[in-house]
$ cat upload-v2.cif   # mmCIF, C-alpha atoms
data_query
#
loop_
_atom_site.label_atom_id
_atom_site.label_comp_id
_atom_site.auth_asym_id
_atom_site.auth_seq_id
_atom_site.Cartn_x
_atom_site.Cartn_y
_atom_site.Cartn_z
CA MET M 1 -43.08 -256.12 33.83
CA LYS M 2 -44.61 -258.12 36.65
CA LEU M 3 -46.84 -256.77 39.43
CA LEU M 4 -48.22 -258.93 42.23
CA ILE M 5 -50.94 -257.55 44.48
CA VAL M 6 -50.95 -259.38 47.83
CA SER M 7 -54.08 -258.98 49.89
CA GLY M 8 -56.12 -260.90 52.42
CA LEU M 9 -57.35 -261.03 55.97
CA SER M 10 -55.24 -259.62 58.78
CA GLY M 11 -53.36 -262.46 60.41
CA SER M 12 -53.48 -264.72 57.35
CA GLY M 13 -49.77 -264.33 56.51
CA LYS M 14 -49.49 -261.38 54.11
CA SER M 15 -46.28 -260.15 55.75
CA ILE M 16 -44.70 -263.58 55.36
CA ALA M 17 -45.76 -263.60 51.71
CA LEU M 18 -44.19 -260.19 51.04
CA ASP M 19 -40.98 -261.18 52.86
CA THR M 20 -40.77 -264.32 50.73
CA LEU M 21 -41.35 -262.39 47.51
CA GLU M 22 -38.62 -259.95 48.53
CA ASP M 23 -36.28 -262.93 48.87
CA CYS M 24 -37.32 -263.86 45.30
CA ASN M 25 -36.08 -260.46 44.05
CA PHE M 26 -39.42 -258.64 44.04
CA TYR M 27 -39.48 -254.97 45.03
CA CYS M 28 -42.08 -255.03 47.82
CA ILE M 29 -44.32 -252.28 49.17
CA ASP M 30 -46.67 -252.91 52.08
CA ASN M 31 -50.04 -251.16 52.49
CA LEU M 32 -50.02 -248.91 49.44
CA PRO M 33 -53.36 -247.04 49.30
CA VAL M 34 -55.44 -248.16 46.32
CA THR M 35 -55.92 -244.49 45.38
CA LEU M 36 -52.16 -244.25 44.74
CA LEU M 37 -51.93 -247.31 42.50
CA GLU M 38 -52.32 -245.38 39.25
CA ASP M 39 -49.72 -242.78 40.25
CA PHE M 40 -47.31 -245.51 41.31
CA ILE M 41 -47.71 -247.28 37.96
CA ASN M 42 -47.33 -244.11 35.87
CA HIS M 43 -44.60 -242.29 37.80
CA VAL M 44 -42.60 -245.13 39.33
CA MET M 45 -42.92 -248.52 37.62
CA LEU M 46 -43.12 -247.25 34.04
CA VAL M 47 -40.34 -244.72 34.63
CA ASP M 48 -37.82 -247.16 36.13
CA LYS M 49 -38.55 -250.48 34.42
CA VAL M 50 -35.36 -252.08 35.73
CA THR M 51 -35.76 -251.49 39.46
CA TYR M 52 -39.48 -252.26 39.38
CA ALA M 53 -39.47 -255.06 36.81
CA LYS M 54 -40.79 -257.40 39.51
CA THR M 55 -42.93 -255.61 42.09
CA ALA M 56 -45.23 -256.82 44.86
CA ILE M 57 -47.71 -254.53 46.62
CA GLY M 58 -49.58 -255.33 49.80
CA ILE M 59 -53.14 -253.97 50.01
CA ASP M 60 -55.27 -254.62 53.07
CA ALA M 61 -58.19 -253.36 55.13
CA ARG M 62 -56.29 -250.28 56.27
CA ASN M 63 -57.45 -248.78 52.96
CA GLN M 64 -60.71 -246.82 52.98
CA SER M 65 -63.56 -249.16 52.02
CA GLU M 66 -64.72 -246.64 49.38
CA SER M 67 -61.45 -247.02 47.47
CA LEU M 68 -61.59 -250.81 47.56
CA VAL M 69 -64.95 -250.75 45.77
CA TYR M 70 -63.16 -249.59 42.61
CA PHE M 71 -60.44 -252.22 42.72
CA ALA M 72 -61.63 -253.86 39.48
CA GLU M 73 -61.24 -250.58 37.59
CA ASN M 74 -57.73 -250.14 38.99
CA LEU M 75 -56.82 -253.68 37.95
CA GLN M 76 -58.09 -253.12 34.42
CA LEU M 77 -56.14 -249.87 34.17
CA ILE M 78 -52.91 -251.56 35.27
CA ARG M 79 -53.26 -254.35 32.71
CA SER M 80 -54.13 -251.86 29.96
CA LYS M 81 -50.62 -250.42 30.36
CA GLY M 82 -49.03 -253.76 29.43
CA ILE M 83 -48.15 -254.82 32.99
CA ASP M 84 -48.61 -258.49 33.88
CA CYS M 85 -50.64 -258.12 37.08
CA GLU M 86 -51.80 -260.97 39.30
CA VAL M 87 -53.64 -260.96 42.61
CA ILE M 88 -52.88 -263.26 45.55
CA PHE M 89 -55.56 -263.37 48.23
CA MET M 90 -54.81 -264.96 51.60
CA GLN M 91 -57.39 -266.12 54.09
CA ALA M 92 -57.87 -268.38 57.10
CA GLU M 93 -60.73 -269.74 59.15
CA GLU M 94 -62.17 -267.39 61.76
CA ALA M 95 -61.18 -269.68 64.64
CA THR M 96 -57.59 -269.72 63.40
CA LEU M 97 -57.42 -265.93 63.13
CA LEU M 98 -58.91 -265.48 66.59
CA LYS M 99 -56.32 -267.86 68.01
CA ARG M 100 -53.44 -266.09 66.26
CA TYR M 101 -54.49 -262.71 67.60
CA SER M 102 -54.89 -264.19 71.06
CA GLU M 103 -51.41 -265.73 70.96
CA THR M 104 -49.61 -262.68 69.55
CA ARG M 105 -51.75 -260.11 71.43
CA ARG M 106 -51.62 -257.87 68.40
CA ARG M 107 -54.41 -255.41 67.65
CA HIS M 108 -56.54 -255.91 64.56
CA PRO M 109 -56.49 -252.72 62.43
CA LEU M 110 -60.30 -252.42 62.50
CA THR M 111 -60.91 -253.00 66.21
CA ASP M 112 -61.74 -250.17 68.60
CA VAL M 113 -63.73 -249.69 71.80
CA ASN M 114 -66.97 -250.33 69.88
CA ILE M 115 -65.81 -253.09 67.51
CA PRO M 116 -64.61 -256.38 69.03
CA LEU M 117 -62.19 -258.67 67.18
CA LYS M 118 -64.80 -261.09 65.86
CA GLU M 119 -66.85 -258.25 64.38
CA ALA M 120 -63.71 -256.67 62.93
CA LEU M 121 -62.91 -259.90 61.09
CA ARG M 122 -66.42 -259.96 59.60
CA ILE M 123 -66.16 -256.33 58.47
CA GLU M 124 -62.71 -256.92 57.01
CA ARG M 125 -63.83 -259.96 55.01
CA GLU M 126 -66.67 -257.91 53.54
CA MET M 127 -64.39 -254.95 52.76
CA LEU M 128 -61.91 -257.12 50.89
CA THR M 129 -64.52 -258.92 48.79
CA PRO M 130 -63.79 -256.75 45.68
CA ILE M 131 -60.16 -257.93 45.80
CA ALA M 132 -60.95 -261.56 46.61
CA ARG M 133 -63.35 -261.68 43.67
CA HIS M 134 -60.49 -260.92 41.25
CA ALA M 135 -57.82 -263.12 42.85
CA ASN M 136 -55.77 -265.31 40.53
CA VAL M 137 -54.89 -267.55 43.46
CA VAL M 138 -56.38 -267.94 46.94
CA ILE M 139 -54.21 -269.38 49.72
CA ASP M 140 -55.81 -270.73 52.87
CA THR M 141 -53.28 -270.62 55.72
CA SER M 142 -55.49 -272.11 58.46
CA ARG M 143 -53.25 -275.17 58.80
CA THR M 144 -50.07 -273.84 57.25
CA LEU M 145 -46.90 -273.27 59.23
CA TYR M 146 -44.40 -270.45 58.59
CA HIS M 147 -41.94 -272.43 56.47
CA GLN M 148 -44.74 -274.22 54.61
CA LEU M 149 -46.26 -270.87 53.64
CA ARG M 150 -42.91 -269.61 52.39
CA ASP M 151 -42.56 -272.73 50.26
CA LEU M 152 -46.07 -272.29 48.87
CA ILE M 153 -45.38 -268.68 47.89
CA ARG M 154 -42.09 -269.61 46.22
CA GLU M 155 -43.71 -272.45 44.31
CA HIS M 156 -46.79 -270.47 43.31
CA ILE M 157 -45.12 -267.20 42.36
CA GLY M 158 -41.51 -266.53 43.17
CA GLU M 159 -39.78 -269.24 41.21
CA ARG M 160 -42.37 -270.61 38.81
CA ASP M 161 -42.37 -270.67 35.02
CA ASN M 162 -45.02 -268.14 33.97
CA LEU M 163 -45.55 -269.74 30.57
CA GLN M 164 -47.73 -272.54 31.89
CA ILE M 165 -50.50 -272.98 34.41
CA SER M 166 -49.41 -273.94 37.93
CA LEU M 167 -51.15 -276.96 39.44
CA GLN M 168 -51.31 -277.70 43.15
CA PHE M 169 -52.39 -281.19 44.21
CA GLN M 170 -53.35 -281.45 47.87
CA SER M 171 -54.46 -284.32 50.11
CA PHE M 172 -56.46 -283.62 53.25
CA GLY M 173 -58.66 -285.20 55.90
CA PHE M 174 -62.35 -284.27 55.98
CA LYS M 175 -62.37 -284.51 59.76
CA HIS M 176 -59.94 -281.58 59.82
CA GLY M 177 -61.97 -279.45 57.41
CA VAL M 178 -62.14 -278.92 53.65
CA PRO M 179 -59.39 -276.62 52.27
CA LEU M 180 -60.86 -273.23 51.44
CA ASP M 181 -58.49 -272.53 48.54
CA ALA M 182 -59.31 -275.61 46.44
CA ASP M 183 -60.79 -275.23 42.97
CA PHE M 184 -61.78 -278.92 42.78
CA VAL M 185 -62.50 -281.17 45.77
CA TYR M 186 -62.86 -284.94 45.42
CA ASP M 187 -64.10 -287.32 48.11
CA ALA M 188 -62.24 -290.63 48.53
CA ARG M 189 -64.05 -291.76 51.69
CA SER M 190 -66.06 -294.41 49.81
CA LEU M 191 -62.87 -296.34 48.97
CA PRO M 192 -61.55 -299.30 51.02
CA ASN M 193 -59.78 -297.84 54.06
CA PRO M 194 -56.32 -299.15 55.06
CA HIS M 195 -56.97 -297.72 58.51
CA TRP M 196 -59.04 -300.81 59.35
CA ILE M 197 -56.14 -303.15 58.62
CA PRO M 198 -54.02 -303.21 61.81
CA GLU M 199 -50.63 -303.52 60.10
CA LEU M 200 -51.44 -300.61 57.73
CA ARG M 201 -53.05 -298.26 60.25
CA ILE M 202 -49.82 -296.57 61.39
CA LEU M 203 -48.55 -296.18 57.81
CA THR M 204 -49.45 -293.59 55.17
CA GLY M 205 -50.24 -293.58 51.48
CA LYS M 206 -46.53 -293.14 50.82
CA ASP M 207 -45.62 -296.53 52.28
CA GLN M 208 -45.27 -299.44 49.86
CA ALA M 209 -47.55 -301.76 51.83
CA VAL M 210 -50.41 -299.24 51.61
CA ILE M 211 -49.65 -298.57 47.93
CA ASN M 212 -49.80 -302.32 47.19
CA PHE M 213 -53.12 -302.66 49.04
CA LEU M 214 -54.77 -299.71 47.25
CA ASN M 215 -53.43 -300.75 43.84
CA LYS M 216 -55.38 -303.99 44.20
CA GLN M 217 -58.72 -302.20 44.74
CA ASP M 218 -60.73 -301.73 41.55
CA SER M 219 -62.70 -298.83 43.03
CA VAL M 220 -59.49 -296.95 43.84
CA LEU M 221 -58.20 -297.30 40.30
CA GLU M 222 -61.60 -296.29 38.89
CA LEU M 223 -61.70 -293.08 40.97
CA TYR M 224 -58.13 -292.26 40.00
CA GLN M 225 -58.93 -292.71 36.32
CA ASP M 226 -62.11 -290.62 36.54
CA ILE M 227 -60.29 -287.72 38.22
CA HIS M 228 -57.35 -288.02 35.82
CA ASP M 229 -59.57 -287.97 32.74
CA PHE M 230 -61.62 -285.02 34.03
CA LEU M 231 -58.49 -282.94 34.68
CA ILE M 232 -56.88 -283.88 31.37
CA ARG M 233 -59.99 -282.64 29.60
CA TRP M 234 -60.64 -279.45 31.59
CA ILE M 235 -57.25 -278.05 32.69
CA PRO M 236 -56.40 -276.88 29.14
CA ARG M 237 -59.73 -275.03 29.00
CA PHE M 238 -59.02 -273.18 32.23
CA GLU M 239 -55.54 -272.41 30.91
CA ALA M 240 -57.02 -271.06 27.68
CA GLU M 241 -59.23 -268.72 29.75
CA GLY M 242 -56.14 -267.22 31.36
CA ARG M 243 -56.12 -269.07 34.68
CA SER M 244 -52.63 -269.14 36.18
CA TYR M 245 -53.31 -271.58 39.02
CA LEU M 246 -55.55 -274.49 39.87
CA THR M 247 -55.72 -276.35 43.17
CA ILE M 248 -56.99 -279.93 43.11
CA ALA M 249 -57.77 -281.45 46.51
CA ILE M 250 -58.64 -285.03 47.42
CA GLY M 251 -59.87 -285.88 50.88
CA CYS M 252 -60.38 -289.05 52.87
CA THR M 253 -61.34 -289.35 56.52
CA GLY M 254 -57.99 -288.60 58.16
CA GLY M 255 -55.88 -287.55 55.17
CA GLN M 256 -53.31 -290.29 55.78
CA HIS M 257 -53.87 -293.12 53.30
CA ARG M 258 -56.29 -292.97 50.38
CA SER M 259 -56.04 -289.26 49.57
CA VAL M 260 -52.24 -289.34 49.84
CA PHE M 261 -52.03 -292.33 47.48
CA LEU M 262 -54.30 -290.70 44.88
CA ILE M 263 -52.54 -287.34 45.00
CA ASP M 264 -49.12 -288.94 44.57
CA ALA M 265 -50.41 -290.94 41.59
CA LEU M 266 -51.88 -287.83 39.94
CA VAL M 267 -48.73 -285.79 40.51
CA LYS M 268 -46.65 -288.51 38.90
CA ALA M 269 -48.93 -288.45 35.85
CA PHE M 270 -49.27 -284.69 35.46
CA LYS M 271 -45.56 -283.96 35.92
CA GLN M 272 -45.06 -285.62 32.56
CA THR M 273 -47.06 -282.80 30.92
CA TYR M 274 -46.90 -279.78 33.24
CA ARG M 275 -43.73 -278.21 34.62
CA ASN M 276 -45.37 -276.28 37.45
CA VAL M 277 -46.77 -279.01 39.67
CA ILE M 278 -46.90 -278.49 43.44
CA ILE M 279 -47.74 -281.27 45.92
CA ARG M 280 -48.97 -280.82 49.46
CA HIS M 281 -50.10 -283.46 51.95
CA ARG M 282 -51.79 -281.25 54.52
CA GLU M 283 -52.20 -283.77 57.31
CA LEU M 284 -48.72 -285.30 56.94
CA HIS M 285 -46.89 -282.04 57.86
#
$ encode --input "upload-v2.cif" --output "structure tokens"
Amino acid sequence: MKLLIVSGLSGSGKSIALDTLEDCNFYCIDNLPVTLLEDFINHVMLVDKVTYAKTAIGIDARNQSESLVYFAENLQLIRSKGIDCEVIFMQAEEATLLKRYSETRRRHPLTDVNIPLKEALRIEREMLTPIARHANVVIDTSRTLYHQLRDLIREHIGERDNLQISLQFQSFGFKHGVPLDADFVYDARSLPNPHWIPELRILTGKDQAVINFLNKQDSVLELYQDIHDFLIRWIPRFEAEGRSYLTIAIGCTGGQHRSVFLIDALVKAFKQTYRNVIIRHRELH
């Protein structure tokens, strides 16, 4: 049996994640109190193993903070009953969340006459720390659109092969911020930059002219080989420790040329060994 616990900051996309999982044939429950988790497992999931063979539960800051403190014990109890349980934690930058609430004019669940939105976000992040600490995968949605998030959820969870670790390779631009959900971040800004060649400036790392230029740079090939060798050596060790997901991010200045080229090259190499390989070029969307 499979149980996914979906949690995260209000406004980070938990509802979209649950809707997507429902489309992937998960039985979804939003905002189940943590105190009812054990009863749900014992009297619902384990009683009807067909209907609830794939279940997703949303848990958020509407729970009492006292119950969230014991989340680790609840997680251990669930797994002790033979249920494959994973935790997805969703987050976004504070500025992004403030903007989303401003645009939708929705009320944050922790705000009241004495607690403004910014303070509510800080309190919520602190409340959810016990869940975030045990997350199998963290998804940062600061620069993710609706359909992109649905694709990420499907690729991470809904339609992946559970027998092997899932790898996400992501390019990004440092000037737009470092992705918060990356396990490894590599800096490609020291490499020769196609941006300074007029005929290459408007292209990306997917265009053949840029690929040809970067393939001729010894430093580019050296960085690729160093990253490749590091991952080849260490991914199996993370997999042996039970990790289900790893996100590898490479950044350059704008996220258009060097990082895109390197990510595409790594994906091509690792797809020969790993079935669950996800690629995302953040600044090209």
$ residues_around --input "upload-v2.cif" --residues "Gly255 (chain M)" --least-positions-apart "6" --cutoff "6 Å" --atoms "all atoms listed in the file" --output "list of chain:residue names"
M:Phe172, M:Gly173, M:Glu283
$ resolve_selection --input "upload-v2.cif" --expression "the PyMOL selection byres ((chain M and resi 56) around 6)" --output "list of chain:residue names"
M:Leu3, M:Leu4, M:Ile5, M:Cys28, M:Thr55, M:Ile57
$ closest_residue --input "upload-v2.cif" --among "M:His281, M:Arg79, M:Lys271, M:Arg143" --to "Gly177 (chain M)" --atoms "all atoms listed in the file"
M:Arg143
$ resolve_selection --input "upload-v2.cif" --expression "the PyMOL selection byres ((chain M and resi 251) around 9)" --output "compact mmCIF listing (two decimals) with C-alpha atoms, in the coordinates of the input"
# COMPACT_ATOMS: atom_id res chain seq x y z
CA GLN M 170 -53.35 -281.45 47.87
CA SER M 171 -54.46 -284.32 50.11
CA PHE M 172 -56.46 -283.62 53.25
CA GLY M 173 -58.66 -285.20 55.90
CA PHE M 174 -62.35 -284.27 55.98
CA VAL M 178 -62.14 -278.92 53.65
CA VAL M 185 -62.50 -281.17 45.77
CA TYR M 186 -62.86 -284.94 45.42
CA ASP M 187 -64.10 -287.32 48.11
CA ALA M 188 -62.24 -290.63 48.53
CA ARG M 189 -64.05 -291.76 51.69
CA ALA M 249 -57.77 -281.45 46.51
CA ILE M 250 -58.64 -285.03 47.42
CA CYS M 252 -60.38 -289.05 52.87
CA THR M 253 -61.34 -289.35 56.52
CA GLY M 254 -57.99 -288.60 58.16
CA GLY M 255 -55.88 -287.55 55.17
CA ARG M 258 -56.29 -292.97 50.38
CA SER M 259 -56.04 -289.26 49.57
CA VAL M 260 -52.24 -289.34 49.84
$ atom_distance --input "upload-v2.cif" --atom1 "CA of Lys14 (chain M)" --atom2 "CA of Pro33 (chain M)"
15.6 Å
$ resolve_selection --input "upload-v2.cif" --expression "the PyMOL selection byres ((chain M and resi 235) around 12)" --output "ChimeraX atom specification"
/M:164-167,183-184,227-234,236-248,270,273-274
$ write_last_selection --input "upload-v2.cif" --atoms "C-alpha atoms" --output "PDB file, in the frame of the given file"
ATOM      1  CA  GLN M 164     -47.730-272.540  31.890  1.00  0.00           C
ATOM      2  CA  ILE M 165     -50.500-272.980  34.410  1.00  0.00           C
ATOM      3  CA  SER M 166     -49.410-273.940  37.930  1.00  0.00           C
ATOM      4  CA  LEU M 167     -51.150-276.960  39.440  1.00  0.00           C
ATOM      5  CA  ASP M 183     -60.790-275.230  42.970  1.00  0.00           C
ATOM      6  CA  PHE M 184     -61.780-278.920  42.780  1.00  0.00           C
ATOM      7  CA  ILE M 227     -60.290-287.720  38.220  1.00  0.00           C
ATOM      8  CA  HIS M 228     -57.350-288.020  35.820  1.00  0.00           C
ATOM      9  CA  ASP M 229     -59.570-287.970  32.740  1.00  0.00           C
ATOM     10  CA  PHE M 230     -61.620-285.020  34.030  1.00  0.00           C
ATOM     11  CA  LEU M 231     -58.490-282.940  34.680  1.00  0.00           C
ATOM     12  CA  ILE M 232     -56.880-283.880  31.370  1.00  0.00           C
ATOM     13  CA  ARG M 233     -59.990-282.640  29.600  1.00  0.00           C
ATOM     14  CA  TRP M 234     -60.640-279.450  31.590  1.00  0.00           C
ATOM     15  CA  PRO M 236     -56.400-276.880  29.140  1.00  0.00           C
ATOM     16  CA  ARG M 237     -59.730-275.030  29.000  1.00  0.00           C
ATOM     17  CA  PHE M 238     -59.020-273.180  32.230  1.00  0.00           C
ATOM     18  CA  GLU M 239     -55.540-272.410  30.910  1.00  0.00           C
ATOM     19  CA  ALA M 240     -57.020-271.060  27.680  1.00  0.00           C
ATOM     20  CA  GLU M 241     -59.230-268.720  29.750  1.00  0.00           C
ATOM     21  CA  GLY M 242     -56.140-267.220  31.360  1.00  0.00           C
ATOM     22  CA  ARG M 243     -56.120-269.070  34.680  1.00  0.00           C
ATOM     23  CA  SER M 244     -52.630-269.140  36.180  1.00  0.00           C
ATOM     24  CA  TYR M 245     -53.310-271.580  39.020  1.00  0.00           C
ATOM     25  CA  LEU M 246     -55.550-274.490  39.870  1.00  0.00           C
ATOM     26  CA  THR M 247     -55.720-276.350  43.170  1.00  0.00           C
ATOM     27  CA  ILE M 248     -56.990-279.930  43.110  1.00  0.00           C
ATOM     28  CA  PHE M 270     -49.270-284.690  35.460  1.00  0.00           C
ATOM     29  CA  THR M 273     -47.060-282.800  30.920  1.00  0.00           C
ATOM     30  CA  TYR M 274     -46.900-279.780  33.240  1.00  0.00           C
TER      31      TYR M 274
END
$ atom_distance --input "upload-v2.cif" --atom1 "CA of Asp19 (chain M)" --atom2 "CA of Asp140 (chain M)"
17.6 Å
$ residues_near_point --input "upload-v2.cif" --point "(-56.3, -265.7, 45.3)" --cutoff "12 Å" --atoms "all atoms listed in the file" --output "PDB file with C-alpha atoms, in the frame of the given file"
ATOM      1  CA  LEU M   4     -48.220-258.930  42.230  1.00  0.00           C
ATOM      2  CA  ILE M   5     -50.940-257.550  44.480  1.00  0.00           C
ATOM      3  CA  VAL M   6     -50.950-259.380  47.830  1.00  0.00           C
ATOM      4  CA  SER M   7     -54.080-258.980  49.890  1.00  0.00           C
ATOM      5  CA  GLY M   8     -56.120-260.900  52.420  1.00  0.00           C
ATOM      6  CA  LEU M   9     -57.350-261.030  55.970  1.00  0.00           C
ATOM      7  CA  LYS M  14     -49.490-261.380  54.110  1.00  0.00           C
ATOM      8  CA  GLU M  86     -51.800-260.970  39.300  1.00  0.00           C
ATOM      9  CA  VAL M  87     -53.640-260.960  42.610  1.00  0.00           C
ATOM     10  CA  ILE M  88     -52.880-263.260  45.550  1.00  0.00           C
ATOM     11  CA  PHE M  89     -55.560-263.370  48.230  1.00  0.00           C
ATOM     12  CA  MET M  90     -54.810-264.960  51.600  1.00  0.00           C
ATOM     13  CA  GLN M  91     -57.390-266.120  54.090  1.00  0.00           C
ATOM     14  CA  LEU M 128     -61.910-257.120  50.890  1.00  0.00           C
ATOM     15  CA  THR M 129     -64.520-258.920  48.790  1.00  0.00           C
ATOM     16  CA  PRO M 130     -63.790-256.750  45.680  1.00  0.00           C
ATOM     17  CA  ILE M 131     -60.160-257.930  45.800  1.00  0.00           C
ATOM     18  CA  ALA M 132     -60.950-261.560  46.610  1.00  0.00           C
ATOM     19  CA  ARG M 133     -63.350-261.680  43.670  1.00  0.00           C
ATOM     20  CA  HIS M 134     -60.490-260.920  41.250  1.00  0.00           C
ATOM     21  CA  ALA M 135     -57.820-263.120  42.850  1.00  0.00           C
ATOM     22  CA  ASN M 136     -55.770-265.310  40.530  1.00  0.00           C
ATOM     23  CA  VAL M 137     -54.890-267.550  43.460  1.00  0.00           C
ATOM     24  CA  VAL M 138     -56.380-267.940  46.940  1.00  0.00           C
ATOM     25  CA  ILE M 139     -54.210-269.380  49.720  1.00  0.00           C
ATOM     26  CA  ASP M 140     -55.810-270.730  52.870  1.00  0.00           C
ATOM     27  CA  THR M 141     -53.280-270.620  55.720  1.00  0.00           C
ATOM     28  CA  ILE M 153     -45.380-268.680  47.890  1.00  0.00           C
ATOM     29  CA  HIS M 156     -46.790-270.470  43.310  1.00  0.00           C
ATOM     30  CA  ILE M 157     -45.120-267.200  42.360  1.00  0.00           C
ATOM     31  CA  LEU M 180     -60.860-273.230  51.440  1.00  0.00           C
ATOM     32  CA  ASP M 181     -58.490-272.530  48.540  1.00  0.00           C
ATOM     33  CA  ALA M 182     -59.310-275.610  46.440  1.00  0.00           C
ATOM     34  CA  ASP M 183     -60.790-275.230  42.970  1.00  0.00           C
ATOM     35  CA  ARG M 243     -56.120-269.070  34.680  1.00  0.00           C
ATOM     36  CA  SER M 244     -52.630-269.140  36.180  1.00  0.00           C
ATOM     37  CA  TYR M 245     -53.310-271.580  39.020  1.00  0.00           C
ATOM     38  CA  LEU M 246     -55.550-274.490  39.870  1.00  0.00           C
ATOM     39  CA  THR M 247     -55.720-276.350  43.170  1.00  0.00           C
TER      40      THR M 247
END
$ closest_residue --input "upload-v2.cif" --among "M:Arg150, M:Arg280, M:Lys2, M:Lys268" --to "Lys49 (chain M)" --atoms "all atoms listed in the file"
M:Lys2
$ closest_residue --input "upload-v2.cif" --among "M:Ile202, M:Ile41, M:Ile115, M:Cys24" --to "Cys85 (chain M)" --atoms "all atoms listed in the file"
M:Ile41
$ atom_distance --input "upload-v2.cif" --atom1 "CA of Phe26 (chain M)" --atom2 "CA of Asp60 (chain M)"
18.7 Å
$ closest_residue --input "upload-v2.cif" --among "M:Arg154, M:Asn193, M:Arg105, M:Gln225" --to "Phe213 (chain M)" --atoms "all atoms listed in the file"
M:Asn193
$ closest_residue --input "upload-v2.cif" --among "M:Arg100, M:Lys118, M:Arg282, M:His195" --to "Pro179 (chain M)" --atoms "only C-alpha atoms"
M:Arg282
$ build_atoms --input "upload-v2.cif" --residues "region 200-218 of chain M" --atoms "N, CA and C atoms" --output "tab-separated table (two decimals), keeping the file's coordinate frame"
chain	number	residue	atom	x	y	z
M	200	LEU	N	-51.54	-301.77	58.62
M	200	LEU	CA	-51.44	-300.61	57.73
M	200	LEU	C	-51.84	-299.31	58.43
M	201	ARG	N	-52.46	-299.43	59.59
M	201	ARG	CA	-53.05	-298.26	60.25
M	201	ARG	C	-52.01	-297.18	60.53
M	202	ILE	N	-50.83	-297.56	61.00
M	202	ILE	CA	-49.82	-296.57	61.39
M	202	ILE	C	-49.03	-296.05	60.19
M	203	LEU	N	-49.28	-296.60	59.02
M	203	LEU	CA	-48.55	-296.18	57.81
M	203	LEU	C	-49.31	-295.07	57.11
M	204	THR	N	-48.78	-294.61	55.99
M	204	THR	CA	-49.45	-293.59	55.17
M	204	THR	C	-49.49	-294.05	53.72
M	205	GLY	N	-50.14	-293.25	52.90
M	205	GLY	CA	-50.24	-293.58	51.48
M	205	GLY	C	-48.92	-293.53	50.74
M	206	LYS	N	-47.86	-293.14	51.42
M	206	LYS	CA	-46.53	-293.14	50.82
M	206	LYS	C	-45.78	-294.45	51.06
M	207	ASP	N	-46.28	-295.26	51.96
M	207	ASP	CA	-45.62	-296.53	52.28
M	207	ASP	C	-46.02	-297.61	51.29
M	208	GLN	N	-45.06	-298.46	50.92
M	208	GLN	CA	-45.27	-299.44	49.86
M	208	GLN	C	-46.38	-300.43	50.20
M	209	ALA	N	-46.50	-300.80	51.46
M	209	ALA	CA	-47.55	-301.76	51.83
M	209	ALA	C	-48.93	-301.18	51.57
M	210	VAL	N	-49.13	-299.90	51.87
M	210	VAL	CA	-50.41	-299.24	51.61
M	210	VAL	C	-50.62	-299.08	50.10
M	211	ILE	N	-49.57	-298.71	49.39
M	211	ILE	CA	-49.65	-298.57	47.93
M	211	ILE	C	-50.08	-299.89	47.30
M	212	ASN	N	-49.46	-300.99	47.74
M	212	ASN	CA	-49.80	-302.32	47.19
M	212	ASN	C	-51.26	-302.66	47.46
M	213	PHE	N	-51.72	-302.36	48.68
M	213	PHE	CA	-53.12	-302.66	49.04
M	213	PHE	C	-54.08	-301.87	48.16
M	214	LEU	N	-53.85	-300.56	48.02
M	214	LEU	CA	-54.77	-299.71	47.25
M	214	LEU	C	-54.72	-300.01	45.76
M	215	ASN	N	-53.56	-300.40	45.26
M	215	ASN	CA	-53.43	-300.75	43.84
M	215	ASN	C	-54.25	-301.98	43.47
M	216	LYS	N	-54.61	-302.78	44.46
M	216	LYS	CA	-55.38	-303.99	44.20
M	216	LYS	C	-56.89	-303.74	44.24
M	217	GLN	N	-57.30	-302.52	44.60
M	217	GLN	CA	-58.72	-302.20	44.74
M	217	GLN	C	-59.25	-301.57	43.45
M	218	ASP	N	-60.19	-302.23	42.82
M	218	ASP	CA	-60.73	-301.73	41.55
M	218	ASP	C	-61.35	-300.33	41.72
